[in-house]
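As provided, work.csv (CSV, C-alpha atoms and all ligand atoms) reads as follows.
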chain,number,residue,atom,x,y,z
A,1402,MET,CA,-23.4,-6.8,8.3
A,1403,ASN,CA,-25.6,-5.0,5.7
A,1404,LYS,CA,-24.9,-7.6,3.0
A,1405,LYS,CA,-26.6,-10.9,2.3
A,1406,THR,CA,-24.7,-14.0,3.1
A,1407,VAL,CA,-24.9,-17.6,2.0
A,1408,LYS,CA,-27.5,-18.1,4.7
A,1409,ASP,CA,-29.9,-15.7,2.9
A,1410,VAL,CA,-30.1,-17.6,-0.4
A,1411,ASP,CA,-31.4,-21.0,-1.6
A,1412,VAL,CA,-28.5,-22.9,-3.1
A,1413,SER,CA,-30.1,-26.3,-3.4
A,1414,GLY,CA,-29.4,-27.8,-6.8
A,1415,LYS,CA,-27.6,-24.7,-7.9
A,1416,ARG,CA,-24.2,-24.2,-9.4
A,1417,VAL,CA,-22.5,-21.7,-7.1
A,1418,LEU,CA,-19.5,-19.7,-8.3
A,1419,VAL,CA,-17.3,-19.0,-5.3
A,1420,ARG,CA,-14.5,-16.5,-5.3
A,1421,VAL,CA,-12.0,-17.8,-2.7
A,1422,ASP,CA,-8.6,-16.6,-1.6
A,1423,PHE,CA,-6.3,-19.5,-2.5
A,1424,ASN,CA,-3.4,-17.2,-3.0
A,1425,VAL,CA,-1.1,-19.4,-0.9
A,1426,PRO,CA,2.7,-19.9,-0.9
A,1427,ILE,CA,3.8,-22.8,-3.2
A,1428,ALA,CA,7.2,-24.5,-2.6
A,1429,GLN,CA,8.5,-27.5,-4.5
A,1430,GLY,CA,5.2,-27.9,-6.3
A,1431,ALA,CA,3.1,-28.2,-3.1
A,1432,VAL,CA,1.2,-25.8,-0.8
A,1433,ALA,CA,3.6,-24.5,1.8
A,1434,ASP,CA,1.0,-22.9,4.1
A,1435,ASP,CA,-2.7,-24.0,3.8
A,1436,ARG,CA,-4.3,-21.6,6.3
A,1437,LYS,CA,-6.1,-19.6,3.6
A,1438,ILE,CA,-7.6,-22.9,2.2
A,1439,GLN,CA,-8.6,-24.0,5.7
A,1440,ALA,CA,-10.3,-20.7,6.3
A,1441,ALA,CA,-12.6,-21.2,3.3
A,1442,LEU,CA,-13.7,-24.7,4.3
A,1443,PRO,CA,-16.7,-23.6,6.5
A,1444,THR,CA,-18.3,-21.8,3.5
A,1445,LEU,CA,-17.6,-24.7,1.1
A,1446,ARG,CA,-19.0,-27.3,3.5
A,1447,TYR,CA,-22.0,-25.2,4.2
A,1448,LEU,CA,-22.8,-24.9,0.4
A,1449,LEU,CA,-22.3,-28.6,-0.2
A,1450,GLU,CA,-24.4,-29.6,2.8
A,1451,HIS,CA,-27.2,-27.4,1.3
A,1452,GLY,CA,-27.2,-29.2,-2.1
A,1453,ALA,CA,-25.0,-26.9,-4.2
A,1454,SER,CA,-22.2,-27.8,-6.6
A,1455,LEU,CA,-19.2,-25.6,-6.5
A,1456,ILE,CA,-17.1,-23.7,-9.1
A,1457,LEU,CA,-14.2,-22.2,-7.2
A,1458,MET,CA,-12.0,-19.5,-8.5
A,1459,SER,CA,-8.9,-17.6,-7.2
A,1460,HIS,CA,-5.8,-15.9,-8.3
A,1461,LEU,CA,-2.4,-17.2,-7.3
A,1462,GLY,CA,0.7,-15.0,-7.2
A,1463,ARG,CA,1.6,-12.5,-9.8
A,1464,PRO,CA,1.9,-14.1,-13.2
A,1465,GLN,CA,3.1,-11.4,-15.6
A,1466,LYS,CA,2.4,-12.8,-19.0
A,1467,GLY,CA,-0.5,-15.2,-19.3
A,1468,PRO,CA,-0.4,-18.8,-18.2
A,1469,ASP,CA,2.7,-19.8,-16.2
A,1470,PRO,CA,3.1,-23.3,-14.7
A,1471,ARG,CA,4.7,-21.8,-11.6
A,1472,PHE,CA,1.4,-20.2,-10.7
A,1473,ALA,CA,-0.9,-23.0,-11.8
A,1474,MET,CA,-3.6,-24.1,-9.3
A,1475,ASP,CA,-2.8,-27.9,-9.4
A,1476,PRO,CA,-1.1,-28.0,-5.9
A,1477,VAL,CA,-4.1,-26.1,-4.5
A,1478,ALA,CA,-6.6,-28.5,-5.9
A,1479,GLU,CA,-4.6,-31.4,-4.4
A,1480,ARG,CA,-4.5,-29.8,-1.0
A,1481,LEU,CA,-8.1,-28.8,-1.1
A,1482,SER,CA,-9.1,-32.3,-2.1
A,1483,GLN,CA,-7.2,-33.7,0.9
A,1484,LEU,CA,-8.8,-31.2,3.3
A,1485,MET,CA,-12.3,-31.8,2.0
A,1486,GLY,CA,-12.0,-35.5,1.7
A,1487,GLN,CA,-13.4,-35.6,-1.8
A,1488,PRO,CA,-12.2,-35.1,-5.4
A,1489,VAL,CA,-11.6,-31.6,-6.6
A,1490,ARG,CA,-11.3,-31.4,-10.4
A,1491,LYS,CA,-8.9,-28.7,-11.6
A,1492,LEU,CA,-9.6,-27.2,-15.0
A,1493,ASP,CA,-7.0,-25.9,-17.4
A,1494,ASP,CA,-8.5,-22.5,-17.8
A,1495,CYS,CA,-11.1,-20.3,-16.0
A,1496,VAL,CA,-13.2,-19.4,-19.1
A,1497,GLY,CA,-14.0,-20.9,-22.5
A,1498,PRO,CA,-16.1,-23.7,-24.0
A,1499,GLU,CA,-14.5,-26.5,-22.0
A,1500,VAL,CA,-14.9,-24.7,-18.7
A,1501,GLU,CA,-18.5,-23.9,-19.6
A,1502,LYS,CA,-19.2,-27.6,-20.4
A,1503,ALA,CA,-17.5,-28.8,-17.1
A,1504,ALA,CA,-19.7,-26.3,-15.2
A,1505,ARG,CA,-22.9,-27.4,-16.9
A,1506,ASP,CA,-22.2,-31.0,-16.2
A,1507,LEU,CA,-21.7,-30.5,-12.5
A,1508,GLN,CA,-23.8,-32.6,-10.1
A,1509,PRO,CA,-24.8,-31.4,-6.6
A,1510,GLY,CA,-21.9,-32.2,-4.2
A,1511,GLN,CA,-19.2,-31.9,-6.9
A,1512,VAL,CA,-16.4,-29.4,-6.8
A,1513,ILE,CA,-14.3,-27.9,-9.6
A,1514,LEU,CA,-11.5,-25.4,-9.3
A,1515,LEU,CA,-10.8,-23.0,-12.2
A,1516,GLU,CA,-7.3,-22.2,-13.3
A,1517,ASN,CA,-5.6,-19.0,-11.9
A,1518,THR,CA,-7.8,-16.1,-12.9
A,1519,ARG,CA,-4.7,-13.9,-13.4
A,1520,PHE,CA,-3.6,-16.0,-16.4
A,1521,HIS,CA,-5.9,-13.5,-18.2
A,1522,LYS,CA,-4.9,-9.8,-18.0
A,1523,GLU,CA,-8.7,-9.1,-18.1
A,1524,GLU,CA,-9.0,-10.2,-14.5
A,1525,LYS,CA,-7.1,-7.2,-13.1
A,1526,SER,CA,-8.5,-4.8,-15.7
A,1527,ASN,CA,-12.0,-5.9,-14.6
A,1528,ASP,CA,-12.9,-6.4,-18.3
A,1529,PRO,CA,-16.7,-6.6,-18.7
A,1530,GLY,CA,-16.6,-9.4,-21.4
A,1531,PHE,CA,-14.3,-11.6,-19.2
A,1532,SER,CA,-16.4,-10.9,-16.1
A,1533,LYS,CA,-19.5,-12.0,-18.1
A,1534,GLN,CA,-17.8,-15.3,-19.2
A,1535,LEU,CA,-16.9,-16.0,-15.5
A,1536,ALA,CA,-20.4,-15.1,-14.4
A,1537,SER,CA,-22.0,-17.4,-16.9
A,1538,LEU,CA,-20.6,-20.4,-15.1
A,1539,GLY,CA,-22.7,-20.1,-12.0
A,1540,GLU,CA,-26.3,-19.4,-10.9
A,1541,VAL,CA,-25.3,-17.8,-7.6
A,1542,PHE,CA,-22.1,-15.8,-6.8
A,1543,VAL,CA,-20.5,-16.1,-3.4
A,1544,ASN,CA,-17.5,-13.9,-2.5
A,1545,ASP,CA,-15.5,-15.4,0.4
A,1546,ALA,CA,-12.1,-13.9,-0.5
A,1547,PHE,CA,-11.5,-11.3,2.1
A,1548,GLY,CA,-7.9,-11.0,1.0
A,1549,THR,CA,-8.9,-9.5,-2.3
A,1550,VAL,CA,-12.1,-7.5,-1.5
A,1551,HIS,CA,-10.1,-4.2,-1.7
A,1552,ARG,CA,-9.5,-4.9,-5.4
A,1553,ALA,CA,-12.1,-4.2,-8.1
A,1554,HIS,CA,-11.2,-7.2,-10.4
A,1555,ALA,CA,-13.4,-9.3,-12.7
A,1556,SER,CA,-13.6,-12.2,-10.2
A,1557,THR,CA,-14.3,-10.0,-7.2
A,1558,ALA,CA,-16.6,-7.3,-8.5
A,1559,GLY,CA,-17.1,-7.5,-12.3
A,1560,VAL,CA,-19.0,-10.9,-12.1
A,1561,THR,CA,-21.8,-9.2,-10.1
A,1562,ASP,CA,-22.7,-7.1,-13.1
A,1563,THR,CA,-24.5,-10.1,-14.6
A,1564,LEU,CA,-24.7,-12.6,-11.8
A,1565,ARG,CA,-27.2,-12.3,-8.9
A,1566,PRO,CA,-27.7,-13.2,-6.2
A,1567,ALA,CA,-24.2,-12.1,-5.1
A,1568,VAL,CA,-23.6,-12.8,-1.4
A,1569,ALA,CA,-20.9,-13.0,1.2
A,1570,GLY,CA,-19.4,-16.3,2.3
A,1571,LEU,CA,-18.9,-17.1,6.0
A,1572,LEU,CA,-15.2,-16.2,6.1
A,1573,LEU,CA,-15.9,-12.8,4.5
A,1574,GLN,CA,-18.8,-12.3,7.0
A,1575,LYS,CA,-16.6,-13.2,10.0
A,1576,GLU,CA,-13.7,-10.9,8.8
A,1577,LEU,CA,-16.0,-8.0,8.3
A,1578,GLU,CA,-17.8,-8.4,11.5
A,1579,SER,CA,-14.7,-8.8,13.6
A,1580,LEU,CA,-12.8,-6.0,11.9
A,1581,ASP,CA,-15.7,-3.5,11.7
A,1582,GLN,CA,-16.4,-3.8,15.3
A,1583,ALA,CA,-12.8,-3.7,16.5
A,1584,LEU,CA,-11.3,-1.2,14.1
A,1585,LEU,CA,-14.1,1.2,13.2
A,1586,HIS,CA,-15.5,1.4,16.7
A,1587,PRO,CA,-12.5,0.5,18.9
A,1588,VAL,CA,-12.8,0.4,22.6
A,1589,GLN,CA,-10.1,2.9,23.9
A,1590,PRO,CA,-7.2,2.8,24.6
A,1591,PHE,CA,-6.6,1.7,21.0
A,1592,VAL,CA,-3.0,0.9,20.3
A,1593,ALA,CA,-1.7,0.1,16.8
A,1594,ILE,CA,1.6,-1.5,15.9
A,1595,MET,CA,3.0,-1.2,12.4
A,1596,GLY,CA,6.1,-2.8,11.0
A,1597,GLY,CA,7.3,-4.4,7.7
A,1598,ALA,CA,9.5,-3.1,5.1
A,1599,LYS,CA,8.0,-0.1,3.4
A,1600,ILE,CA,6.6,3.1,4.8
A,1601,SER,CA,5.8,5.0,1.6
A,1602,ASP,CA,2.7,2.8,0.7
A,1603,LYS,CA,1.4,3.1,4.3
A,1604,ILE,CA,2.1,6.8,5.1
A,1605,THR,CA,-1.5,8.0,4.5
A,1606,LEU,CA,-2.7,5.1,6.7
A,1607,ILE,CA,-0.3,6.1,9.4
A,1608,GLU,CA,-1.4,9.7,9.3
A,1609,ASN,CA,-5.1,8.7,9.3
A,1610,LEU,CA,-4.5,6.3,12.3
A,1611,LEU,CA,-2.6,8.8,14.4
A,1612,SER,CA,-5.8,10.8,14.8
A,1613,ARG,CA,-7.6,7.8,16.2
A,1614,VAL,CA,-5.2,5.8,18.3
A,1615,SER,CA,-3.9,6.5,21.8
A,1616,CYS,CA,-0.5,5.5,20.4
A,1617,LEU,CA,1.2,4.0,17.4
A,1618,LEU,CA,4.2,1.8,17.9
A,1619,ILE,CA,6.5,1.6,14.9
A,1620,GLY,CA,9.1,-1.2,14.3
A,1621,GLY,CA,10.5,-3.0,11.3
A,1622,GLY,CA,12.1,-1.4,8.3
A,1623,MET,CA,9.6,1.5,8.3
A,1624,ALA,CA,10.9,2.7,11.7
A,1625,ASN,CA,14.3,3.4,10.1
A,1626,THR,CA,12.8,6.2,7.9
A,1627,PHE,CA,11.4,7.8,11.1
A,1628,LEU,CA,14.8,7.5,12.8
A,1629,ALA,CA,16.5,9.0,9.8
A,1630,ALA,CA,13.9,11.8,9.8
A,1631,GLN,CA,15.1,12.6,13.4
A,1632,GLY,CA,18.6,13.1,12.0
A,1633,LEU,CA,20.0,9.7,13.2
A,1634,ASP,CA,22.5,7.8,11.0
A,1635,VAL,CA,20.9,4.4,10.2
A,1636,GLY,CA,24.0,3.1,8.5
A,1637,SER,CA,23.1,0.8,5.5
A,1638,SER,CA,19.6,0.1,6.9
A,1639,LEU,CA,16.6,-0.1,4.6
A,1640,MET,CA,15.0,3.4,4.5
A,1641,GLU,CA,13.1,5.6,2.1
A,1642,ALA,CA,14.7,9.0,1.8
A,1643,GLU,CA,11.9,10.4,-0.3
A,1644,VAL,CA,9.4,10.2,2.6
A,1645,THR,CA,11.7,11.5,5.5
A,1646,ASP,CA,10.0,15.0,5.2
A,1647,VAL,CA,6.6,13.6,5.7
A,1648,ALA,CA,7.9,11.4,8.5
A,1649,ALA,CA,9.5,14.5,10.2
A,1650,GLU,CA,6.2,16.3,9.9
A,1651,LEU,CA,4.3,13.5,11.6
A,1652,LEU,CA,6.9,13.2,14.3
A,1653,ALA,CA,6.5,16.9,15.1
A,1654,ARG,CA,2.7,16.8,15.1
A,1655,TYR,CA,2.2,13.5,17.0
A,1656,ARG,CA,5.2,13.6,19.3
A,1657,ASP,CA,3.4,11.8,22.2
A,1658,GLN,CA,1.6,9.2,20.1
A,1659,LEU,CA,4.4,8.0,17.8
A,1660,VAL,CA,6.6,5.5,19.6
A,1661,LEU,CA,9.8,4.6,17.9
A,1662,PRO,CA,12.6,2.1,18.8
A,1663,VAL,CA,15.2,3.2,21.2
A,1664,ASP,CA,17.5,0.2,20.5
A,1665,CYS,CA,17.9,-2.3,17.8
A,1666,ARG,CA,19.6,-5.5,16.7
A,1667,VAL,CA,22.0,-4.7,13.8
A,1668,GLY,CA,23.6,-7.1,11.4
A,1669,ALA,CA,26.8,-6.6,9.4
A,1670,GLU,CA,25.1,-8.0,6.3
A,1671,PHE,CA,21.6,-8.7,5.1
A,1672,GLN,CA,22.1,-12.5,5.8
A,1673,ALA,CA,20.7,-15.0,8.2
A,1674,ASP,CA,24.0,-15.9,9.7
A,1675,THR,CA,25.6,-12.5,9.7
A,1676,GLU,CA,27.4,-11.1,12.8
A,1677,SER,CA,24.9,-9.2,15.0
A,1678,LYS,CA,24.7,-7.1,18.1
A,1679,VAL,CA,22.3,-4.8,20.0
A,1680,VAL,CA,23.0,-1.1,19.9
A,1681,ALA,CA,21.2,2.1,20.8
A,1682,VAL,CA,19.5,3.7,17.7
A,1683,ASP,CA,22.1,6.5,17.7
A,1684,GLU,CA,24.9,4.1,17.6
A,1685,VAL,CA,24.4,2.1,14.4
A,1686,PRO,CA,27.9,1.3,13.1
A,1687,ALA,CA,28.7,2.6,9.6
A,1688,GLY,CA,27.7,0.0,7.0
A,1689,TRP,CA,25.6,-2.1,9.4
A,1690,ARG,CA,21.9,-2.6,9.1
A,1691,ILE,CA,19.0,-2.4,11.6
A,1692,LEU,CA,17.3,-5.8,11.2
A,1693,ASP,CA,15.2,-6.0,14.4
A,1694,ILE,CA,14.0,-4.0,17.4
A,1695,GLY,CA,16.1,-4.4,20.6
A,1696,PRO,CA,15.2,-5.6,24.1
A,1697,GLU,CA,14.7,-2.1,25.6
A,1698,THR,CA,12.3,-1.2,22.8
A,1699,ILE,CA,10.4,-4.5,23.4
A,1700,GLU,CA,10.0,-3.4,27.0
A,1701,ARG,CA,8.8,0.1,26.1
A,1702,PHE,CA,6.3,-1.3,23.5
A,1703,ALA,CA,5.0,-3.7,26.1
A,1704,GLU,CA,4.5,-0.8,28.6
A,1705,ARG,CA,2.5,1.1,26.0
A,1706,LEU,CA,0.4,-2.0,25.2
A,1707,ALA,CA,-0.4,-2.9,28.8
A,1708,PRO,CA,-3.4,-0.6,29.2
A,1709,ALA,CA,-4.8,-1.2,25.7
A,1710,ARG,CA,-8.3,-2.5,25.2
A,1711,THR,CA,-8.0,-2.8,21.4
A,1712,VAL,CA,-4.8,-3.6,19.5
A,1713,PHE,CA,-4.2,-3.8,15.8
A,1714,TRP,CA,-0.9,-5.2,14.5
A,1715,ASN,CA,0.3,-5.2,11.0
A,1716,GLY,CA,3.9,-6.0,9.9
A,1717,PRO,CA,6.9,-7.7,11.5
A,1718,MET,CA,9.2,-5.8,13.8
A,1719,GLY,CA,12.3,-7.1,11.9
A,1720,VAL,CA,13.5,-9.5,9.3
A,1721,PHE,CA,11.8,-12.4,11.1
A,1722,GLU,CA,12.5,-14.8,8.3
A,1723,PHE,CA,16.1,-14.9,9.8
A,1724,PRO,CA,15.7,-16.6,13.2
A,1725,ARG,CA,18.4,-14.3,14.7
A,1726,PHE,CA,16.3,-11.3,13.8
A,1727,ALA,CA,12.9,-12.7,14.8
A,1728,GLN,CA,13.0,-12.0,18.5
A,1729,GLY,CA,11.3,-8.6,18.3
A,1730,THR,CA,8.4,-10.0,16.3
A,1731,VAL,CA,8.0,-13.0,18.5
A,1732,ALA,CA,8.2,-10.9,21.6
A,1733,ILE,CA,5.4,-8.6,20.4
A,1734,ALA,CA,3.3,-11.7,19.6
A,1735,GLN,CA,3.8,-12.9,23.2
A,1736,VAL,CA,2.9,-9.5,24.6
A,1737,LEU,CA,-0.3,-9.5,22.6
A,1738,ALA,CA,-1.1,-13.0,23.7
A,1739,GLY,CA,-0.7,-12.0,27.3
A,1740,LEU,CA,-3.0,-9.0,27.2
A,1741,GLU,CA,-6.1,-9.6,29.3
A,1742,GLY,CA,-9.4,-8.0,28.4
A,1743,ALA,CA,-8.1,-6.6,25.1
A,1744,THR,CA,-9.3,-7.3,21.6
A,1745,THR,CA,-6.2,-8.2,19.6
A,1746,ILE,CA,-6.4,-8.1,15.8
A,1747,VAL,CA,-3.6,-9.3,13.7
A,1748,GLY,CA,-3.8,-7.9,10.2
A,1749,GLY,CA,-2.7,-10.6,7.8
A,1750,GLY,CA,0.5,-11.5,6.0
A,1751,ASP,CA,3.8,-11.7,7.8
A,1752,SER,CA,2.5,-10.8,11.3
A,1753,ALA,CA,-0.1,-13.5,11.0
A,1754,ALA,CA,2.6,-16.0,9.9
A,1755,ALA,CA,4.8,-15.0,12.9
A,1756,VAL,CA,1.9,-15.5,15.4
A,1757,GLN,CA,1.2,-18.9,13.9
A,1758,GLN,CA,4.9,-19.9,14.0
A,1759,ALA,CA,5.1,-18.8,17.6
A,1760,GLY,CA,2.1,-21.1,18.4
A,1761,LEU,CA,0.1,-18.2,19.7
A,1762,ALA,CA,-2.7,-18.0,17.1
A,1763,ASP,CA,-5.4,-19.2,19.5
A,1764,LYS,CA,-4.5,-16.4,21.9
A,1765,MET,CA,-5.5,-13.6,19.5
A,1766,SER,CA,-9.1,-12.3,19.1
A,1767,HIS,CA,-8.9,-12.3,15.3
A,1768,ILE,CA,-6.2,-13.1,12.8
A,1769,SER,CA,-7.2,-11.7,9.4
A,1770,THR,CA,-6.6,-13.5,6.2
A,1771,GLY,CA,-6.2,-10.1,4.4
A,1772,GLY,CA,-3.3,-7.8,5.2
A,1773,GLY,CA,-4.0,-5.2,2.5
A,1774,ALA,CA,-7.8,-5.5,2.9
A,1775,SER,CA,-7.7,-5.0,6.6
A,1776,LEU,CA,-5.5,-1.9,6.2
A,1777,GLU,CA,-7.9,-0.4,3.7
A,1778,LEU,CA,-10.8,-1.2,6.0
A,1779,LEU,CA,-8.9,0.5,8.8
A,1780,GLU,CA,-8.4,3.5,6.5
A,1781,ARG,CA,-12.2,3.5,6.0
A,1782,LYS,CA,-11.9,3.0,2.3
A,1783,LYS,CA,-14.7,1.5,0.3
A,1784,LEU,CA,-14.0,-2.2,-0.4
A,1785,PRO,CA,-15.3,-2.8,-4.0
A,1786,GLY,CA,-15.7,-6.6,-3.5
A,1787,VAL,CA,-18.0,-6.0,-0.6
A,1788,ALA,CA,-19.9,-3.0,-2.1
A,1789,ALA,CA,-20.8,-5.2,-5.1
A,1790,LEU,CA,-22.8,-7.7,-3.0
A,1791,ASP,CA,-26.5,-7.8,-2.5
A,1792,PRO,CA,-27.8,-5.5,0.3
A,1793,ARG,CA,-29.6,-7.2,3.1
A,1801,LIG,P1,5.7,-5.6,4.2
A,1801,LIG,O1,5.6,-6.4,3.0
A,1801,LIG,O2,5.9,-4.2,4.0
A,1801,LIG,O3,4.7,-6.0,5.3
A,1801,LIG,O4,7.2,-6.1,4.8
A,1801,LIG,C1,7.5,-7.4,5.3
A,1801,LIG,C2,8.9,-7.6,5.2
A,1801,LIG,O5,9.6,-6.6,5.9
A,1801,LIG,C3,9.4,-8.9,5.7
A,1801,LIG,O6,9.8,-9.7,4.7
A,1801,LIG,C4,10.6,-8.5,6.6
A,1801,LIG,O7,11.7,-9.2,6.4
A,1801,LIG,C5,10.9,-7.0,6.2
A,1801,LIG,N1,11.5,-6.2,7.2
A,1801,LIG,C6,11.1,-6.0,8.5
A,1801,LIG,N2,12.0,-5.3,9.2
A,1801,LIG,C7,13.0,-5.0,8.3
A,1801,LIG,C8,14.2,-4.3,8.5
A,1801,LIG,N3,14.6,-3.7,9.6
A,1801,LIG,N4,15.0,-4.2,7.4
A,1801,LIG,C9,14.7,-4.8,6.2
A,1801,LIG,N5,13.6,-5.5,6.0
A,1801,LIG,C10,12.7,-5.6,7.1

Is it possible to express this structure as structure tokens?
Amino acid sequence: MNKKTVKDVDVSGKRVLVRVDFNVPIAQGAVADDRKIQAALPTLRYLLEHGASLILMSHLGRPQKGPDPRFAMDPVAERLSQLMGQPVRKLDDCVGPEVEKAARDLQPGQVILLENTRFHKEEKSNDPGFSKQLASLGEVFVNDAFGTVHRAHASTAGVTDTLRPAVAGLLLQKELESLDQALLHPVQPFVAIMGGAKISDKITLIENLLSRVSCLLIGGGMANTFLAAQGLDVGSSLMEAEVTDVAAELLARYRDQLVLPVDCRVGAEFQADTESKVVAVDEVPAGWRILDIGPETIERFAERLAPARTVFWNGPMGVFEFPRFAQGTVAIAQVLAGLEGATTIVGGGDSAAAVQQAGLADKMSHISTGGGASLELLERKKLPGVAALDPR
């Protein structure tokens, strides 16, 4: 790591502004999955043990037009307070005179959580005035939000224009160290598995990856576009006609490395309890949808994974939210869990949730808290939230 971390700065008696990734699912007014909050605890505890007071900030969801109670941070503050075993005061805004006063009045050991930074459009536009207001709240800036380091927003990058020292938190450090080593200098054979819904936003990554992996296994909705590019009829399956040409080109260029499903579980409707059956990929009935990979595909994927020394997995193999179509995703998690001597990296989002649900989280080398960020790192793109931190 060529960036300073919390261990390189003196935080005693200081107000520390921490960008955390508390973008967690909320259901019925409560946090439905607190893994991202848990992941930030080592940094928060470290800072408190070293005499700091904490001003925490994060975005939550995608509020479109200013403050929206559905995206308020109150449930997060409540869960964080339970996990930390101490009060966490949630403020009603993230900037302004009242927030400034609350920050000034903080005593060492105390924690406040600012309201959703995306309640101000200036967060995403990385507005210098807004960044300066956020920055004025603290004396040290810590970025521990790996999930948003690929975005140059006010709370991830802009604040560092006027607030130094600006250093990495322990989660960010762990993510970068694990992913840098495994993905930028992978021990071969390096096998990648991609799934999920959309291919169009990942096509450049796929192309970029193909030159570096021994093979790339493709499942989920994105496989349908490749199947269609081979001239197969995918019925009413999700697929993106506008990228079939690019998919066909990749198939021609990387015939041996691109591994596609040979069978699939199809459903009559896009519904959890729909009628379903396993068919070969060239036998999808008219009007039906491919919603998971089939058993023969699982076997073939497992064979290609067996010799791997490094594995990167991003995206579910099917609509795993419906138990009937979760078998492929769970099977891949099991195959990864059983690989001996391989570094297994799960790149955030749905695949991380699936691994967790299958109870296999402790069998993986690293489960990233950032899907998008890990993909951009894998693509060797510059991460603005990291670039903005103090060099070591
Ligand atoms: P992404 O956000 O691109 O990672 O996609 C994740 C979503 O892809 C999940 O919600 C899955 O339900 C969905 N998905 C995976 N496989 C399929 C499929 N065969 N058809 C439709 N959606 C799918």

(request) Residues within 6 Å of ligand LIG 1801 (chain A), counting all atoms listed in the file: report them as a VMD selection string. (result) chain A and resid 1597 to 1599 1621 to 1622 1639 1691 to 1693 1716 to 1722

(message) When you count only C-alpha atoms, which of these residues is closest to Asn1527 of chain A: A:Gly1749, A:Gly1786, A:Gly1620, A:Gly1688?
(response)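 Selected residue with least distance to Asn1527 of chain A: A:Gly1786.
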
(request) Using only C-alpha atoms, pick whichever of A:Phe1547, A:Phe1520, A:Phe1542, A:Phe1713 has the shortest atom-to-atom distance to Phe1423 of chain A. (result)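 Result for the nearest residue to Phe1423 of chain A: A:Phe1547.
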
(message) Just to confirm, what's the straight-line distance from atom CA of Ala1440 of chain A to atom CA of Arg1781 of chain A in Å (one decimal)?
(response) 24.3 Å

Sorted by chain and rising residue number, list the residues of segment 1710-1757 of chain A at most 10 Å from segment 1675-1680 of chain A (counting all atoms listed in the file), each with its closest atom pair and distance in Å to one decimal, as CSV.
residue,atom,partner,partner_atom,distance
A:Phe1723,CA,A:Thr1675,CA,9.8
A:Arg1725,CA,A:Ser1677,CA,8.3
A:Phe1726,CA,A:Ser1677,CA,8.9

(request) Go through A:Gly1596, A:Ala1732, A:Asp1528, A:Arg1793 and flag the residue nearest Asp1751 of chain A, using only C-alpha atoms for the distances. (result)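 With only C-alpha atoms as the atom set, the closest residue is A:Gly1596.
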
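The nearest approach to Lys1415 of chain A among the residues A:Arg1505, A:Lys1525, A:Lys1764, A:Arg1471, with only C-alpha atoms taken into account, belongs to A:Arg1505.
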
(message) I'd like the interatomic distance between atom CA of Pro1464 of chain A and atom CA of Leu1606 of chain A, to a tenth of an Å.
(response)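 That distance, rounded to one decimal, is 28.0 Å.
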
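Shortest atom-to-atom contact with Val1588 of chain A among A:Leu1484, A:Ile1427, A:Val1614, A:Leu1790: A:Val1614, counting only C-alpha atoms.
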
(message) Around (-32.3, -12.0, 3.1), as given in the file, which residues come within 12 Å? Count all atoms listed in the file and list them as a list in words.
(response) Met1402, Asn1403, Lys1404, Lys1405, Thr1406, Val1407, Lys1408, Asp1409, Val1410, Asp1411, Pro1566, Ala1567, Val1568, Ala1569, Asp1791, Pro1792 and Arg1793 of chain A

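Distance annotation: of A:Gln1672, A:Lys1782, A:Ala1546, A:Val1477, the residue with the minimal separation from Lys1575 of chain A is A:Ala1546; atom set is all atoms listed in the file.
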
(message) Please compute the atom CA of Pro1590 of chain A-atom CA of Ser1766 of chain A distance, one decimal, in Å.
(response)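 Value for the atom CA of Pro1590 of chain A-atom CA of Ser1766 of chain A distance: 16.2 Å.
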
Quick one: residues within 12 Å of (-12.5, -1.5, -0.1) (file frame), counting all atoms listed in the file, please, as a short mmCIF file (atom, residue, chain, number, x, y, z; two decimals) with C-alpha atoms, in the coordinates of the input.
data_model
loop_
_atom_site.label_atom_id
_atom_site.label_comp_id
_atom_site.auth_asym_id
_atom_site.auth_seq_id
_atom_site.Cartn_x
_atom_site.Cartn_y
_atom_site.Cartn_z
CA PHE A 1547 -11.50 -11.30 2.10
CA GLY A 1548 -7.90 -11.00 1.00
CA THR A 1549 -8.90 -9.50 -2.30
CA VAL A 1550 -12.10 -7.50 -1.50
CA HIS A 1551 -10.10 -4.20 -1.70
CA ARG A 1552 -9.50 -4.90 -5.40
CA ALA A 1553 -12.10 -4.20 -8.10
CA HIS A 1554 -11.20 -7.20 -10.40
CA THR A 1557 -14.30 -10.00 -7.20
CA ALA A 1558 -16.60 -7.30 -8.50
CA LEU A 1577 -16.00 -8.00 8.30
CA GLY A 1771 -6.20 -10.10 4.40
CA GLY A 1773 -4.00 -5.20 2.50
CA ALA A 1774 -7.80 -5.50 2.90
CA SER A 1775 -7.70 -5.00 6.60
CA LEU A 1776 -5.50 -1.90 6.20
CA GLU A 1777 -7.90 -0.40 3.70
CA LEU A 1778 -10.80 -1.20 6.00
CA LEU A 1779 -8.90 0.50 8.80
CA GLU A 1780 -8.40 3.50 6.50
CA ARG A 1781 -12.20 3.50 6.00
CA LYS A 1782 -11.90 3.00 2.30
CA LYS A 1783 -14.70 1.50 0.30
CA LEU A 1784 -14.00 -2.20 -0.40
CA PRO A 1785 -15.30 -2.80 -4.00
CA GLY A 1786 -15.70 -6.60 -3.50
CA VAL A 1787 -18.00 -6.00 -0.60
CA ALA A 1788 -19.90 -3.00 -2.10
CA ALA A 1789 -20.80 -5.20 -5.10
#
